[in-house]
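One structure below.
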Amino acid sequence: MVMGALHAAPAPKALQRDDARWIATWTASPEPRWDGDFALPLNLPSSLWHQTVRQSARVSVGGERVRVMLTNEYGTRPLVIGAAHIALASEGATIAAGSDRTLTFNGQPSVTIPPGAPMLSDPVDLNVGALGDVSVSLYLPEPTAPASFHWDARQTTYVATGNQVGAQTINPDTTLTSRVFLRSILVADTAGTRAVVTLGDSITDGNGSSMDANTRWPDFLAKRFAGQHVAVLNAGISGARVLRDGMGENALARFERDVLSQPGVSSVIVMMGINDIGWFGTPLGPRDDVAPAEILIAGYQQLIARAHLHGVRIVGATLTPFEGALEDTPMKGYYNADKERVRQAVNRWIRESGAFDAVVDFDAALRDPAHPQRFLPAYDSGDHLHPGDAGYKVMADSVDTRAVLGNP
């Protein structure tokens, strides 16, 4: 009886071997959802059921064939994707006519992703231009908790009833400002493209930038690299820290997944540490200790050593001014003079130690010369912690692209 049941199971469809070189052209670092008494709202439904989720993303480099990486890395139950499509994005919840493509997984149009795992789609023909926008639609037929998500997407996600993955326009019942289950978009590469990963916190994630406008500093950097066969991958997580979990895992824990495992990675720009300094004494980290400069520096040294083990160039970015940060919010206390001394000590080490392969001085690019503990007002989003669109552009413009790549 057992053997008969085994023989009755349909064999998976045979797939042609694919020898293409694939490179990630867009990423969003997944993080586990938080519940309970954490100071910031989750802004997610407890469950998605019999619904389509449509998410758009702006790629860096283009290609004629694409793949999508989904994620159930923080799920505790299998994640059932009833159907998945990719298309060129148009306005809002609309995709470009004639561009819709069905995504398959080992030849099948649906897939169950085990807990803790990512899942890579089969290749599909779709001509995506450099800095082009794509849309990924997922149908969730079963009650599904959004356990693996990216909180601060700066992009609208559309949620509609039923299976609408192939609809040119979906009529959303609700919208989210987070991403769910979508980790990477890859393109087939024939030009020897290199990837630069930007590892950071909310300033890299783009908090304070305009919604749906792609004005994060890594977006502006991708424009600077356009035509040079360099992909820019944003591995920022709002609230991220070098040494502690909270909003996403600590940098040492996620460095392998978010940086070193990226196909084609040649360089990483690290800008992280302000939350290790600032959370102490606020509702974000009420039980945290002060992170002294030497402990943060030890964390950077670990990242440097691990990058070099993999032949990856690592660039250190100075921590930006934050006097007055969040002072008109429940997070008052994020800044004080002792914390500022830690930031200055960390920045001095980044600039002077020679430990990083190169340095980007974002502090110098953004500070007010008359009051260097603060942003220049034109670059401030208004909360004195995050730049606005103009500040993010200045950050990208201050990057020495040759130093990032190691070019003479």
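Residue numbering restarts at 1 for every chain of the structure tokens, chains are lettered A, B, ... in their displayed order, and ligands are numbered from 1 as they appear.
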
So which bits of stretch 220-301 of chain A end up strand (DSSP E or B) when you DSSP the backbone, as a PyMOL selection string? chain A and resi 230-236+246+248+265-271+280+285

I want to know what sits within 7 Å of A:His384, based on only C-alpha atoms, with residues of the same chain fewer than 3 positions away left out; could you give that as a VMD selection string? chain A and resid 322 to 326 375 380 to 381

If we count only C-alpha atoms, what is near stretch 304-313 of chain A at a cut-off of 8 Å, once residues fewer than 3 positions away on the same chain are taken out, given as a PDB file with C-alpha atoms, in the first residue's frame?
```pdb
ATOM      1  CA  LEU A 260      28.109  38.081   2.544  1.00  0.00           C
ATOM      2  CA  VAL A 265      28.864  41.240  -3.548  1.00  0.00           C
ATOM      3  CA  SER A 266      32.172  43.091  -3.747  1.00  0.00           C
ATOM      4  CA  SER A 267      31.721  45.906  -1.214  1.00  0.00           C
ATOM      5  CA  VAL A 268      29.650  46.851   1.807  1.00  0.00           C
ATOM      6  CA  TYR A 300      32.876  47.012  13.729  1.00  0.00           C
ATOM      7  CA  GLN A 301      36.153  45.096  13.927  1.00  0.00           C
ATOM      8  CA  ALA A 355      40.610  49.711   9.985  1.00  0.00           C
ATOM      9  CA  PHE A 356      38.036  50.148   7.226  1.00  0.00           C
ATOM     10  CA  ASP A 357      39.134  49.927   3.599  1.00  0.00           C
ATOM     11  CA  VAL A 404      33.780  52.023  -2.510  1.00  0.00           C
ATOM     12  CA  LEU A 405      34.695  49.730  -5.399  1.00  0.00           C
ATOM     13  CA  GLY A 406      38.427  49.838  -4.762  1.00  0.00           C
TER      14      GLY A 406
END
```

Find the distance between atom CA of A:Ser137 and atom CA of A:Arg54 and write it in Å to one decimal.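 Distance between the two atoms: 4.2 Å.
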
Might you pull out every residue within 12 Å of A:Asp328, with only C-alpha atoms counted and same-chain residues fewer than 3 positions away left off, and present them as a short mmCIF file (atom, residue, chain, number, x, y, z; two decimals) with all heavy atoms, in the first residue's frame?
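File produced: part28.cif:
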```
data_model
loop_
_atom_site.label_atom_id
_atom_site.label_comp_id
_atom_site.auth_asym_id
_atom_site.auth_seq_id
_atom_site.Cartn_x
_atom_site.Cartn_y
_atom_site.Cartn_z
N GLY A 324 18.93 66.95 19.71
CA GLY A 324 17.51 67.25 19.62
C GLY A 324 16.68 66.14 19.03
O GLY A 324 15.46 66.30 18.83
N ALA A 325 17.28 64.97 18.77
CA ALA A 325 16.57 63.87 18.11
C ALA A 325 15.34 63.45 18.90
O ALA A 325 15.41 63.19 20.10
CB ALA A 325 17.50 62.68 17.92
N MET A 331 9.88 59.39 22.58
CA MET A 331 11.26 58.91 22.66
C MET A 331 12.22 59.99 23.16
O MET A 331 13.43 59.90 22.98
CB MET A 331 11.72 58.42 21.28
CG MET A 331 10.79 57.43 20.63
SD MET A 331 10.40 56.01 21.68
CE MET A 331 8.84 55.50 20.95
N LYS A 332 11.68 61.04 23.76
CA LYS A 332 12.52 62.10 24.31
C LYS A 332 13.58 61.49 25.24
O LYS A 332 13.29 60.60 26.04
CB LYS A 332 11.66 63.10 25.09
CG LYS A 332 12.44 64.30 25.61
CD LYS A 332 11.52 65.31 26.28
CE LYS A 332 12.30 66.52 26.76
NZ LYS A 332 11.43 67.52 27.40
N GLY A 333 14.79 61.99 25.13
CA GLY A 333 15.91 61.41 25.86
C GLY A 333 16.84 60.61 24.98
O GLY A 333 17.86 60.10 25.44
N TYR A 334 16.51 60.53 23.70
CA TYR A 334 17.35 59.80 22.75
C TYR A 334 18.74 60.43 22.68
O TYR A 334 19.74 59.74 22.51
CB TYR A 334 16.68 59.81 21.37
CG TYR A 334 17.28 58.89 20.35
CD1 TYR A 334 16.73 57.62 20.12
CD2 TYR A 334 18.38 59.27 19.59
CE1 TYR A 334 17.28 56.76 19.19
CE2 TYR A 334 18.93 58.42 18.65
CZ TYR A 334 18.38 57.17 18.45
OH TYR A 334 18.92 56.32 17.53
N TYR A 335 18.81 61.76 22.83
CA TYR A 335 20.08 62.49 22.78
C TYR A 335 20.42 63.05 24.15
O TYR A 335 19.54 63.54 24.87
CB TYR A 335 20.02 63.64 21.78
CG TYR A 335 21.26 64.52 21.77
CD1 TYR A 335 22.33 64.21 20.94
CD2 TYR A 335 21.36 65.62 22.62
CE1 TYR A 335 23.47 65.00 20.96
CE2 TYR A 335 22.50 66.41 22.64
CZ TYR A 335 23.56 66.09 21.81
OH TYR A 335 24.70 66.85 21.82
N GLY A 382 13.05 66.89 10.05
CA GLY A 382 12.24 67.56 11.07
C GLY A 382 12.32 66.90 12.42
O GLY A 382 11.97 67.52 13.43
N ASP A 383 12.80 65.64 12.47
CA ASP A 383 12.88 64.97 13.76
C ASP A 383 14.30 65.02 14.34
O ASP A 383 14.56 64.49 15.41
CB ASP A 383 12.38 63.53 13.69
CG ASP A 383 13.28 62.61 12.86
OD1 ASP A 383 14.35 63.04 12.38
OD2 ASP A 383 12.89 61.43 12.67
N HIS A 384 15.22 65.65 13.62
CA HIS A 384 16.61 65.85 14.05
C HIS A 384 17.41 64.55 14.18
O HIS A 384 18.52 64.56 14.74
CB HIS A 384 16.68 66.63 15.37
CG HIS A 384 15.83 67.87 15.38
ND1 HIS A 384 15.91 68.84 14.39
CD2 HIS A 384 14.87 68.29 16.24
CE1 HIS A 384 15.05 69.80 14.65
NE2 HIS A 384 14.39 69.50 15.76
N LEU A 385 16.86 63.47 13.65
CA LEU A 385 17.57 62.18 13.62
C LEU A 385 17.74 61.67 12.21
O LEU A 385 18.79 61.10 11.86
CB LEU A 385 16.82 61.15 14.47
CG LEU A 385 17.41 59.74 14.51
CD1 LEU A 385 18.81 59.75 15.14
CD2 LEU A 385 16.49 58.80 15.29
#
```

Can you tell me, as a list in words, which residues in stretch 352-395 of chain A count as helix (DSSP H, G or I) by DSSP?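 Secondary structure check on stretch 352-395 of chain A, helix (DSSP H, G or I): Glu352, Phe362, Asp363, Ala364, Ala365, Leu366, Pro377, Ala378, Tyr379, Asp389, Ala390, Gly391, Tyr392, Lys393, Val394 and Met395 of chain A.
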
Residues from the last selection, C-alpha atoms, saved as a PDB file, in the first residue's frame:
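Now in again20.pdb:
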```pdb
ATOM      1  CA  GLU A 352      41.491  57.777  11.897  1.00  0.00           C
ATOM      2  CA  PHE A 362      28.256  61.382   6.314  1.00  0.00           C
ATOM      3  CA  ASP A 363      28.636  63.420   9.516  1.00  0.00           C
ATOM      4  CA  ALA A 364      30.663  66.076   7.682  1.00  0.00           C
ATOM      5  CA  ALA A 365      28.236  66.072   4.753  1.00  0.00           C
ATOM      6  CA  LEU A 366      25.135  66.734   6.864  1.00  0.00           C
ATOM      7  CA  PRO A 377      18.318  72.550   8.695  1.00  0.00           C
ATOM      8  CA  ALA A 378      17.960  72.094   4.919  1.00  0.00           C
ATOM      9  CA  TYR A 379      18.895  68.411   5.304  1.00  0.00           C
ATOM     10  CA  ASP A 389      15.030  63.852   0.739  1.00  0.00           C
ATOM     11  CA  ALA A 390      17.609  66.623   0.236  1.00  0.00           C
ATOM     12  CA  GLY A 391      19.791  65.224   2.993  1.00  0.00           C
ATOM     13  CA  TYR A 392      19.667  61.723   1.546  1.00  0.00           C
ATOM     14  CA  LYS A 393      20.786  63.037  -1.832  1.00  0.00           C
ATOM     15  CA  VAL A 394      23.701  64.872  -0.220  1.00  0.00           C
ATOM     16  CA  MET A 395      24.706  61.629   1.507  1.00  0.00           C
TER      17      MET A 395
END
```

Name the closest residue to A:Thr320 among the candidates A:Met247, A:Ile203, A:Ala337, A:Val242; distances are taken between atoms, counting only C-alpha atoms.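 Closest to A:Thr320 of all the choices is A:Ile203.
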
A:Pro146 environment, 10 Å, only C-alpha atoms, sequence neighbours closer than 2 positions dropped, as a PyMOL selection string: chain A and resi 32-33+44-48+72+74-75+79+143-144+148-150+179-181

Quick one: residues within 8 Å of stretch 122-129 of chain A, only C-alpha atoms, excluding same-chain residues fewer than 6 positions away - as a PyMOL selection string? chain A and resi 61-68+87-88+99+101-107

Take the residues just selected and output them with all heavy atoms as a short mmCIF file (atom, residue, chain, number, x, y, z; two decimals), in the first residue's frame.
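In the end it all went to selection-v2.cif:
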```cif
data_model
loop_
_atom_site.label_atom_id
_atom_site.label_comp_id
_atom_site.auth_asym_id
_atom_site.auth_seq_id
_atom_site.Cartn_x
_atom_site.Cartn_y
_atom_site.Cartn_z
N VAL A 61 20.20 47.50 -11.12
CA VAL A 61 20.57 47.12 -12.48
C VAL A 61 19.42 46.35 -13.12
O VAL A 61 18.59 45.75 -12.43
CB VAL A 61 21.85 46.27 -12.50
CG1 VAL A 61 23.03 47.08 -11.98
CG2 VAL A 61 21.68 44.98 -11.69
N GLY A 62 19.36 46.36 -14.45
CA GLY A 62 18.29 45.67 -15.16
C GLY A 62 18.74 44.34 -15.74
O GLY A 62 19.89 43.92 -15.59
N GLY A 63 17.80 43.70 -16.42
CA GLY A 63 18.08 42.41 -17.05
C GLY A 63 16.88 41.92 -17.82
O GLY A 63 15.78 42.49 -17.71
N GLU A 64 17.07 40.87 -18.59
CA GLU A 64 15.99 40.32 -19.41
C GLU A 64 15.34 39.09 -18.79
O GLU A 64 14.34 38.60 -19.31
CB GLU A 64 16.53 39.99 -20.80
CG GLU A 64 17.01 41.22 -21.57
CD GLU A 64 17.51 40.89 -22.96
OE1 GLU A 64 17.58 39.68 -23.29
OE2 GLU A 64 17.83 41.83 -23.70
N ARG A 65 15.93 38.56 -17.72
CA ARG A 65 15.35 37.43 -16.99
C ARG A 65 15.43 37.74 -15.51
O ARG A 65 16.41 38.33 -15.04
CB ARG A 65 16.08 36.13 -17.31
CG ARG A 65 16.08 35.77 -18.78
CD ARG A 65 17.00 34.59 -19.07
NE ARG A 65 16.48 33.36 -18.50
CZ ARG A 65 17.24 32.37 -18.00
NH1 ARG A 65 18.55 32.52 -17.94
NH2 ARG A 65 16.70 31.26 -17.56
N VAL A 66 14.40 37.36 -14.77
CA VAL A 66 14.35 37.69 -13.34
C VAL A 66 13.97 36.47 -12.52
O VAL A 66 13.39 35.49 -13.02
CB VAL A 66 13.34 38.84 -13.07
CG1 VAL A 66 13.72 40.09 -13.80
CG2 VAL A 66 11.92 38.41 -13.43
N ARG A 67 14.31 36.55 -11.25
CA ARG A 67 13.88 35.58 -10.24
C ARG A 67 13.50 36.37 -8.99
O ARG A 67 13.97 37.50 -8.79
CB ARG A 67 14.97 34.57 -9.91
CG ARG A 67 15.51 33.84 -11.10
CD ARG A 67 16.65 32.89 -10.74
NE ARG A 67 16.14 31.59 -10.34
CZ ARG A 67 16.89 30.50 -10.24
NH1 ARG A 67 18.19 30.56 -10.49
NH2 ARG A 67 16.36 29.33 -9.90
N VAL A 68 12.70 35.75 -8.14
CA VAL A 68 12.27 36.38 -6.90
C VAL A 68 12.59 35.45 -5.74
O VAL A 68 12.37 34.23 -5.82
CB VAL A 68 10.75 36.69 -6.94
CG1 VAL A 68 10.25 37.13 -5.58
CG2 VAL A 68 10.46 37.75 -7.99
N ALA A 87 5.54 41.56 -12.52
CA ALA A 87 5.21 42.39 -13.67
C ALA A 87 5.97 43.70 -13.55
O ALA A 87 6.56 44.00 -12.50
CB ALA A 87 3.71 42.66 -13.73
N LEU A 88 5.96 44.47 -14.61
CA LEU A 88 6.46 45.84 -14.53
C LEU A 88 5.40 46.69 -13.83
O LEU A 88 4.21 46.59 -14.14
CB LEU A 88 6.75 46.39 -15.92
CG LEU A 88 7.76 45.59 -16.76
CD1 LEU A 88 7.97 46.26 -18.12
CD2 LEU A 88 9.08 45.44 -16.03
N SER A 99 2.79 42.89 -19.29
CA SER A 99 4.04 42.53 -18.62
C SER A 99 3.88 41.46 -17.55
O SER A 99 4.86 41.02 -16.96
CB SER A 99 4.67 43.77 -17.99
OG SER A 99 3.90 44.23 -16.88
N ARG A 101 3.76 38.14 -15.56
CA ARG A 101 4.38 36.83 -15.69
C ARG A 101 4.07 36.00 -14.45
O ARG A 101 4.11 36.49 -13.33
CB ARG A 101 5.90 36.93 -15.84
CG ARG A 101 6.38 37.84 -16.98
CD ARG A 101 6.14 37.19 -18.34
NE ARG A 101 6.78 37.96 -19.40
CZ ARG A 101 6.22 38.97 -20.06
NH1 ARG A 101 4.96 39.34 -19.75
NH2 ARG A 101 6.86 39.61 -21.01
N THR A 102 3.80 34.70 -14.68
CA THR A 102 3.59 33.77 -13.58
C THR A 102 4.93 33.31 -13.04
O THR A 102 5.82 32.92 -13.81
CB THR A 102 2.79 32.55 -14.04
OG1 THR A 102 1.49 32.98 -14.49
CG2 THR A 102 2.62 31.54 -12.91
N LEU A 103 5.09 33.37 -11.74
CA LEU A 103 6.28 32.81 -11.10
C LEU A 103 6.01 31.35 -10.73
O LEU A 103 4.93 31.02 -10.22
CB LEU A 103 6.64 33.59 -9.83
CG LEU A 103 7.15 35.01 -10.04
CD1 LEU A 103 7.27 35.72 -8.69
CD2 LEU A 103 8.49 35.00 -10.75
N THR A 104 6.99 30.50 -10.98
CA THR A 104 6.88 29.10 -10.58
C THR A 104 8.05 28.75 -9.67
O THR A 104 9.07 29.44 -9.63
CB THR A 104 6.87 28.16 -11.80
OG1 THR A 104 8.09 28.34 -12.54
CG2 THR A 104 5.68 28.44 -12.70
N PHE A 105 7.87 27.63 -8.96
CA PHE A 105 8.88 27.15 -8.03
C PHE A 105 9.06 25.66 -8.31
O PHE A 105 8.14 24.87 -8.11
CB PHE A 105 8.43 27.39 -6.58
CG PHE A 105 8.17 28.86 -6.29
CD1 PHE A 105 6.93 29.43 -6.62
CD2 PHE A 105 9.15 29.66 -5.75
CE1 PHE A 105 6.69 30.77 -6.37
CE2 PHE A 105 8.92 31.00 -5.50
CZ PHE A 105 7.69 31.57 -5.81
N ASN A 106 10.22 25.32 -8.86
CA ASN A 106 10.44 23.94 -9.33
C ASN A 106 9.35 23.51 -10.30
O ASN A 106 8.89 22.37 -10.29
CB ASN A 106 10.53 22.97 -8.15
CG ASN A 106 11.66 23.33 -7.19
OD1 ASN A 106 12.76 23.67 -7.62
ND2 ASN A 106 11.37 23.30 -5.90
N GLY A 107 8.93 24.45 -11.12
CA GLY A 107 7.94 24.18 -12.16
C GLY A 107 6.50 24.28 -11.73
O GLY A 107 5.60 24.16 -12.55
#
```

A:Ser29 surroundings by only C-alpha atoms, 12 Å radius, close-in-sequence under 5 positions cut, as number ranges by chain: A: 69-71, 73-74, 118, 148-153, 178-185, 197-201, 204-205, 233-238, 240, 247-249, 251, 254-259, 262

Please report the interatomic distance between atom CA of A:Ala222 and atom CA of A:Val360 in Å with one decimal.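 Separation between atom CA of A:Ala222 and atom CA of A:Val360: 16.0 Å.
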
Considering only C-alpha atoms, can you say which of A:Ser353, A:Thr94, A:Thr76, A:Ser202 comes closest to A:Pro114? A:Thr76
